[in-house]
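In what follows, a single structure is set out as structure tokens and then discussed.
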Amino acid sequence: MKKTLLSFAFAFVFYLGAFAQLQTPEQFLGYQPGDRFTPHHRMVDYFEYVASQNPNIKLIQYGETNEKRPLIIAILSSPENMAKLEQIRTDNLKRAGLMEGTPSSEIPINWMSFNVHGNESVGMEAAISSFYTLADPNNAKSQEWLKNQIVIIDPCINPDGRDRYSNWYNQKMNTTLQPDLQSQEHNEPWPGGRANHYLFDLNRDWAWQVQVESQQRMKVYQQWMPQLHLDFHEQGIDQPFYMAPAAEPLHEQLTPFQHEFQDIFGRNTAKYFDEMGRFYFTKERFDLLYPSYGDTYPMYNGAIGMTIEQGGGGRGGIGGYNSVGDTVTLSSRIAGHYTAAMSAAEVTSKNSKRLVDEFATYFKNNSSSPKGKYKSFVIKGGSNPSQVAKLLELLDKNGIKYGKAGSKAGLKGFEYQSGKAGVSFSTDENDIVINAYQPKSVLAQVLFEPNPTLNDSITYDITSWAMPYAYGLQAFALESRLDAAGDYQKPEFTPNPVGQTPVAYLASWQGTRDVAFLSALLNAKIRVKYAEYPFEVEGKSYPAGSLIITKGGNEYVADFDKKVSDAANKFGVKLATTQTGYVDKGKDFGSPNVKVIQAPKVALVGGNGTSSLSFGEIWHFFEKDLNYPLSNLDAASMGGYDLSKYDVLILPATYGPALNAAAQQKITDWVKAGGKLIALDGALNLFANKEGFALKNFDSEDDKKAAEKADAALSKQERLEPYLGMERLETASGTAGAIYEIKMDQTHPLGYGTGGKFYTLKNNSNRFTYLTGGANAGVIATNDSYRTGYIGYKIKSKMGESLAIGAEQQGRGQIVYFVDNPIFRGFWESGKLVLSNAIFMVGQ
């Protein structure tokens, strides 16, 4: 039989002979690939073994996970290419304009990432087999491919999630293959192995880099900037195999060649699948819009990014029945990914020069003539220094250049806050300009674009993410080029001195670093107050919510001044001081309206019925942003907990009956006894329209009649929508990351530090009336509060005059409602302050 890629696809299952001095995965691991799941440490052992046998492999540990598992990549190529590896790497950066100089080599870089989702567990198994084939010096075909490329294999992006799944499955699996999907081994418990240690979806963290795995990986990615990136996943067991080309919506910034090469890869891979008699599909479901995926992020960085989806997933296990009764085995799933990986190596080799040339053209064209509507973006540097500093950190992580705007007048642009175009403004020396005339042109435009073009309403993720909204900053987008007046110098932080104890230290309350500072003080048992009213003292003005750390009440704290100064210096918080508690305006520091912040004991509820992602976002926020103690409780065990140990209870987004009736009553009694409950997103449904609670949906008789009238007014064409168009019709009642301006009540603790505005990312269509007898601290005041992102026409006109953030008194306690998730994926930075208001300020 003629030796084709098809024969390679089965080489890892049926070993046909010993290659000199290199053990197969089966020989090394002691079982045939597909018989069981390989623990992460054994994969690392095998990669180290192969690298020790082949001098043309470079193995790099680029970091470690939260659970201390190593993160590794393997770099493979021909002996000639490996001898000049550093030159090839730097030539690639020169080609992208990220380094000075002219490249002299023309070798593309093909990066393959596996197992970003832990329970899409075939990925790492396929990485082992693919690595073996490419590393085997006796495999003439693979060695020929390597002459024309550098291959980088990241065998497991998410080791913590992967081991969570594989360890559980290896414990539960039957010795005899059991494909019955009702069997225990096919039904992993909450939270599942998909996410990382903090239950974040790492495939949605490429741009934001909230998680440590992403932060470490992206540093290496930026050092290589590959021409090709394959992201290996799994989907439902009834879906055979998906590969590029991608589905609509496809971002308008993508180039014709990026589209074309996806098709080249898809057709090449389909050829081998056809020979094998395997099914597949393309151009469906997986679009290229949201910028933080493992396919879109590389696309916006000049590469060909491609998602590969093998049918199986966590339910598939070692083997499971699909809907037609066929057994989908782990071995067959490995073969699918393996074939796609080898196909990628083949088409990269065949198109190596064109990949390099088109990559260079991409950066040249985008740097000199960016195609997006908006060519420059201005951030008003004085709008919120704390949040500006956070945004600049993000730009630095992504290699996006920015500069000092300088003093310029007569400018016009789109104003993010108002959502209006043609607004006149001027810049000053504190402002920051990001223009699109730079190597990272496309990524910069995508992250800041006010209104992404959406050519299909059926999307796989959110449709808006503009950074000024996420960080709550005043900003403008210009259709013209605005060059920087020079390098932007980040404000130099002068450490707070330790001197004679003032009557009080005063600190701002504007962003996450201020909350982290408060957390450090509370952890050190330092008493902190906040002002309920704006005040002036010694000629300076301070808004409500400002932190007041007084000498009085802290006499018992050893080294009080040093501890306060050290904490402020650690987080870059500038302290003001005053020698009097007698204010010129507002309330004196001894007033009952200057509240002591009692350090809350906080618990977070998780488990079946709660969103693991929402749970993880809060958990990570407490541990990594605030370093504040948090107890994690299981919803199923609420009946046995002593809730009197906690002052604050947080319910993340929930679905279905996360809490039974007895647990809900126990929590209600706890609130009435003085507890504070914070409910997010879907958790509000536990209280909405229930007797004794102020939270109500728009479900009055008038609303129902209006809805019936609207339905009756549907056009004949819509009522007769063909069956295959029903999915699109259903989107008319949904939303996918629409951004709304929330009018905040700055006199309420929930509104502190917001300046009266907050931008929420709406991923649900829930509408609640204003609270009666409660605090409507944040509201969607009018339908004009909409800013950007997809929201169905059936509900868009109804969002005005609805609750977004509120609080109601229940006995001696309070319930705080967040209709939307305020810290979505950890990158919605401005929401962290509002959530912190609920945790630390409300009810003191």
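Within each chain, counting starts at residue 1; across the structure tokens, chains are named A, B, ... in the order shown, with ligands numbered 1 upward in that order.
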Report as a tab-separated table the residues of stretch 357-391 of chain A within 12 Å of stretch 99-112 of chain A, each with its shortest atom pair and distance in Å (one decimal), using only C-alpha atoms, ordered by chain and increasing residue number.
```
residue	atom	partner	partner_atom	distance
A:Asp357	CA	A:Glu106	CA	8.3
A:Glu358	CA	A:Pro108	CA	10.7
A:Phe359	CA	A:Pro108	CA	9.2
A:Ala360	CA	A:Pro103	CA	10.1
```
Go ahead and write the residues just picked, C-alpha atoms, as a PDB file, in the first residue's frame.
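Output saved as part06.pdb:
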```
ATOM      1  CA  ASP A 357       5.553  36.212   2.604  1.00  0.00           C
ATOM      2  CA  GLU A 358       1.874  36.736   3.462  1.00  0.00           C
ATOM      3  CA  PHE A 359       2.789  37.158   7.131  1.00  0.00           C
ATOM      4  CA  ALA A 360       5.196  39.955   6.193  1.00  0.00           C
TER       5      ALA A 360
END
```
Find the spatial neighbours of stretch 342-354 of chain A, counting only C-alpha atoms, within a cut-off of 9 Å - ignore same-chain residues fewer than 5 positions away - and output them as a PDB file with C-alpha atoms, in the first residue's frame.
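This is the output file result-v4.pdb:
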```pdb
ATOM      1  CA  LEU A   5      -0.868  10.350   5.833  1.00  0.00           C
ATOM      2  CA  PHE A   8       0.556   7.602   9.732  1.00  0.00           C
ATOM      3  CA  ALA A   9      -2.837   8.016  11.401  1.00  0.00           C
ATOM      4  CA  GLU A 106      12.189  32.098   5.367  1.00  0.00           C
ATOM      5  CA  ILE A 107      11.100  29.379   7.769  1.00  0.00           C
ATOM      6  CA  PRO A 108       7.513  29.561   9.075  1.00  0.00           C
ATOM      7  CA  ILE A 109       6.502  28.641  12.601  1.00  0.00           C
ATOM      8  CA  ASN A 110       3.703  26.139  13.122  1.00  0.00           C
ATOM      9  CA  SER A 130       2.021  13.673  17.050  1.00  0.00           C
ATOM     10  CA  THR A 133       5.880  10.984  14.694  1.00  0.00           C
ATOM     11  CA  LEU A 134       7.558  14.377  14.213  1.00  0.00           C
ATOM     12  CA  LYS A 141       7.900  11.966   5.643  1.00  0.00           C
ATOM     13  CA  SER A 142       7.856  13.937   8.884  1.00  0.00           C
ATOM     14  CA  GLU A 144      10.992  16.124   5.138  1.00  0.00           C
ATOM     15  CA  TRP A 145       8.218  18.367   6.466  1.00  0.00           C
ATOM     16  CA  LEU A 146      10.465  19.704   9.225  1.00  0.00           C
ATOM     17  CA  LYS A 147      12.957  21.037   6.706  1.00  0.00           C
ATOM     18  CA  ASN A 148      10.442  23.763   5.856  1.00  0.00           C
ATOM     19  CA  GLN A 149       9.131  24.780   9.287  1.00  0.00           C
ATOM     20  CA  VAL A 151       6.943  23.078  14.881  1.00  0.00           C
ATOM     21  CA  LEU A 228       0.068  29.031  11.987  1.00  0.00           C
ATOM     22  CA  LEU A 230      -3.925  25.064  15.652  1.00  0.00           C
ATOM     23  CA  ILE A 264      -6.295  24.886   1.967  1.00  0.00           C
ATOM     24  CA  PHE A 265      -5.931  23.167   5.328  1.00  0.00           C
ATOM     25  CA  ASN A 268      -6.091  18.753   2.662  1.00  0.00           C
ATOM     26  CA  THR A 269      -7.366  17.275   5.923  1.00  0.00           C
ATOM     27  CA  TYR A 272      -7.334  12.003   4.489  1.00  0.00           C
ATOM     28  CA  HIS A 337      -6.608  14.953  16.012  1.00  0.00           C
ATOM     29  CA  PHE A 359       2.789  37.158   7.131  1.00  0.00           C
TER      30      PHE A 359
END
```
Problem - Pick from A:Asp784, A:Thr512, A:Gly792, A:Ala653, whichever lies nearest to A:Asn627 using only C-alpha atoms - result: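 Among A:Asp784, A:Thr512, A:Gly792, A:Ala653, it is A:Thr512 that comes nearest to A:Asn627.
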Practice task
Write out as a ChimeraX atom specification all residues of stretch 310-546 of chain A that backbone DSSP assigns to alpha helix (DSSP H).
Solution key: /A:313-316,330-350,352-368,385-397,441-448,467-471,512-523
Handout entry: Polymer residues at most 7 Å from A:Ala544, only C-alpha atoms, same-chain spacing of 5 or more positions, as a list in words
Key =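 So, after excluding close chain neighbours, the residues are Ala531, Glu532, Tyr533, Pro534 and Tyr752 of chain A.
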Taking only residues of stretch 217-266 of chain A that have an atom at most 12 Å from an atom of stretch 184-198 of chain A, what is each one's shortest atom pair and its distance in Å to one decimal, using only C-alpha atoms, in chain and number order, as CSV?
```
residue,atom,partner,partner_atom,distance
A:His233,CA,A:Arg194,CA,10.7
A:Glu234,CA,A:Arg194,CA,10.6
A:Gln235,CA,A:Arg194,CA,11.7
A:Ile237,CA,A:His186,CA,11.1
```
Practice task
Would you kindly return, as a VMD selection string, each protein, DNA or RNA residue with an atom no farther than 8 Å from any atom of A:Gln445, considering only C-alpha atoms and excluding same-chain residues fewer than 2 positions away?
Solution key: chain A and resid 372 374 to 375 436 441 to 443 447 to 449
Keeping only all heavy atoms, write the selected residues to a file as an mmCIF file, in the first residue's frame.
```cif
data_model
loop_
_atom_site.group_PDB
_atom_site.id
_atom_site.type_symbol
_atom_site.label_atom_id
_atom_site.label_comp_id
_atom_site.auth_asym_id
_atom_site.auth_seq_id
_atom_site.Cartn_x
_atom_site.Cartn_y
_atom_site.Cartn_z
ATOM 1 N N GLY A 372 -9.272 49.298 9.384
ATOM 2 C CA GLY A 372 -10.406 49.557 10.250
ATOM 3 C C GLY A 372 -10.887 50.992 10.156
ATOM 4 O O GLY A 372 -10.153 51.895 9.754
ATOM 5 N N TYR A 374 -11.624 53.098 12.573
ATOM 6 C CA TYR A 374 -10.995 54.006 13.536
ATOM 7 C C TYR A 374 -9.487 53.803 13.537
ATOM 8 O O TYR A 374 -8.991 52.692 13.697
ATOM 9 C CB TYR A 374 -11.578 53.779 14.927
ATOM 10 C CG TYR A 374 -13.051 54.118 14.992
ATOM 11 C CD1 TYR A 374 -14.020 53.114 14.967
ATOM 12 C CD2 TYR A 374 -13.474 55.440 15.048
ATOM 13 C CE1 TYR A 374 -15.372 53.425 15.002
ATOM 14 C CE2 TYR A 374 -14.825 55.761 15.090
ATOM 15 C CZ TYR A 374 -15.771 54.752 15.059
ATOM 16 O OH TYR A 374 -17.109 55.070 15.082
ATOM 17 N N LYS A 375 -8.765 54.908 13.349
ATOM 18 C CA LYS A 375 -7.311 54.855 13.216
ATOM 19 C C LYS A 375 -6.580 55.201 14.500
ATOM 20 O O LYS A 375 -5.389 54.925 14.633
ATOM 21 C CB LYS A 375 -6.836 55.826 12.123
ATOM 22 C CG LYS A 375 -7.589 55.729 10.805
ATOM 23 C CD LYS A 375 -7.508 54.354 10.166
ATOM 24 C CE LYS A 375 -8.074 54.405 8.760
ATOM 25 N NZ LYS A 375 -8.632 53.163 8.282
ATOM 26 N N ALA A 436 -3.383 53.101 15.095
ATOM 27 C CA ALA A 436 -3.377 51.812 14.389
ATOM 28 C C ALA A 436 -2.175 51.652 13.477
ATOM 29 O O ALA A 436 -2.034 50.603 12.841
ATOM 30 C CB ALA A 436 -4.668 51.667 13.593
ATOM 31 N N SER A 441 -1.452 46.549 14.887
ATOM 32 C CA SER A 441 -2.548 47.383 14.407
ATOM 33 C C SER A 441 -3.912 46.720 14.555
ATOM 34 O O SER A 441 -4.839 47.282 15.135
ATOM 35 C CB SER A 441 -2.301 47.735 12.939
ATOM 36 O OG SER A 441 -3.429 48.358 12.359
ATOM 37 N N VAL A 442 -4.041 45.513 14.022
ATOM 38 C CA VAL A 442 -5.340 44.855 14.002
ATOM 39 C C VAL A 442 -5.817 44.545 15.413
ATOM 40 O O VAL A 442 -6.973 44.803 15.773
ATOM 41 C CB VAL A 442 -5.279 43.575 13.150
ATOM 42 C CG1 VAL A 442 -6.575 42.777 13.273
ATOM 43 C CG2 VAL A 442 -5.020 43.926 11.700
ATOM 44 N N LEU A 443 -4.941 44.002 16.233
ATOM 45 C CA LEU A 443 -5.333 43.671 17.599
ATOM 46 C C LEU A 443 -5.772 44.924 18.351
ATOM 47 O O LEU A 443 -6.773 44.904 19.072
ATOM 48 C CB LEU A 443 -4.174 42.991 18.336
ATOM 49 C CG LEU A 443 -4.485 42.529 19.750
ATOM 50 C CD1 LEU A 443 -5.598 41.482 19.757
ATOM 51 C CD2 LEU A 443 -3.237 41.972 20.431
ATOM 52 N N LEU A 447 -9.574 45.415 19.853
ATOM 53 C CA LEU A 447 -9.827 45.570 21.290
ATOM 54 C C LEU A 447 -10.532 46.878 21.615
ATOM 55 O O LEU A 447 -11.208 46.978 22.643
ATOM 56 C CB LEU A 447 -8.512 45.479 22.072
ATOM 57 C CG LEU A 447 -7.812 44.123 22.068
ATOM 58 C CD1 LEU A 447 -6.583 44.154 22.975
ATOM 59 C CD2 LEU A 447 -8.748 43.004 22.505
ATOM 60 N N PHE A 448 -10.381 47.882 20.757
ATOM 61 C CA PHE A 448 -10.963 49.193 21.052
ATOM 62 C C PHE A 448 -12.144 49.544 20.154
ATOM 63 O O PHE A 448 -12.773 50.578 20.362
ATOM 64 C CB PHE A 448 -9.895 50.280 20.922
ATOM 65 C CG PHE A 448 -8.964 50.356 22.099
ATOM 66 C CD1 PHE A 448 -7.818 49.582 22.141
ATOM 67 C CD2 PHE A 448 -9.238 51.179 23.180
ATOM 68 C CE1 PHE A 448 -6.957 49.625 23.225
ATOM 69 C CE2 PHE A 448 -8.387 51.236 24.272
ATOM 70 C CZ PHE A 448 -7.241 50.459 24.296
ATOM 71 N N GLU A 449 -12.462 48.704 19.169
ATOM 72 C CA GLU A 449 -13.516 49.094 18.233
ATOM 73 C C GLU A 449 -14.838 49.275 18.975
ATOM 74 O O GLU A 449 -15.269 48.416 19.747
ATOM 75 C CB GLU A 449 -13.653 48.070 17.111
ATOM 76 C CG GLU A 449 -13.980 46.662 17.542
ATOM 77 C CD GLU A 449 -13.912 45.676 16.374
ATOM 78 O OE1 GLU A 449 -14.032 46.123 15.225
ATOM 79 O OE2 GLU A 449 -13.716 44.476 16.624
#
```
Handout entry: Coordinates-based distance that separates atom CA of A:Asn365 from atom CA of A:Ala303 (Å, one decimal)
Key =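 Straight-line distance from atom CA of A:Ala303 to atom CA of A:Asn365 works out to 14.4 Å.
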Practice task
Quick one: pull the distance between atom CA of A:Leu835 and atom CA of A:Thr654, Å, one decimal.
Solution key: 17.4 Å
Practice task
For stretch 84-90 of chain A, list every protein, DNA or RNA residue within 7 Å, evaluated using only C-alpha atoms, and leave out those in the same chain fewer than 3 positions away; present the list as a list of chain:residue names.
Solution key: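 What passes the distance filter is A:Glu80, A:Asn81, A:Leu93, A:Lys94, A:Ser105, A:Ile107, A:Trp224.
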Problem - For A:Gly277: contacts at 12 Å, only C-alpha atoms, fewer than 6 positions along chain excluded, given as a VMD selection string - result: chain A and resid 6 240 270 to 271 332 336
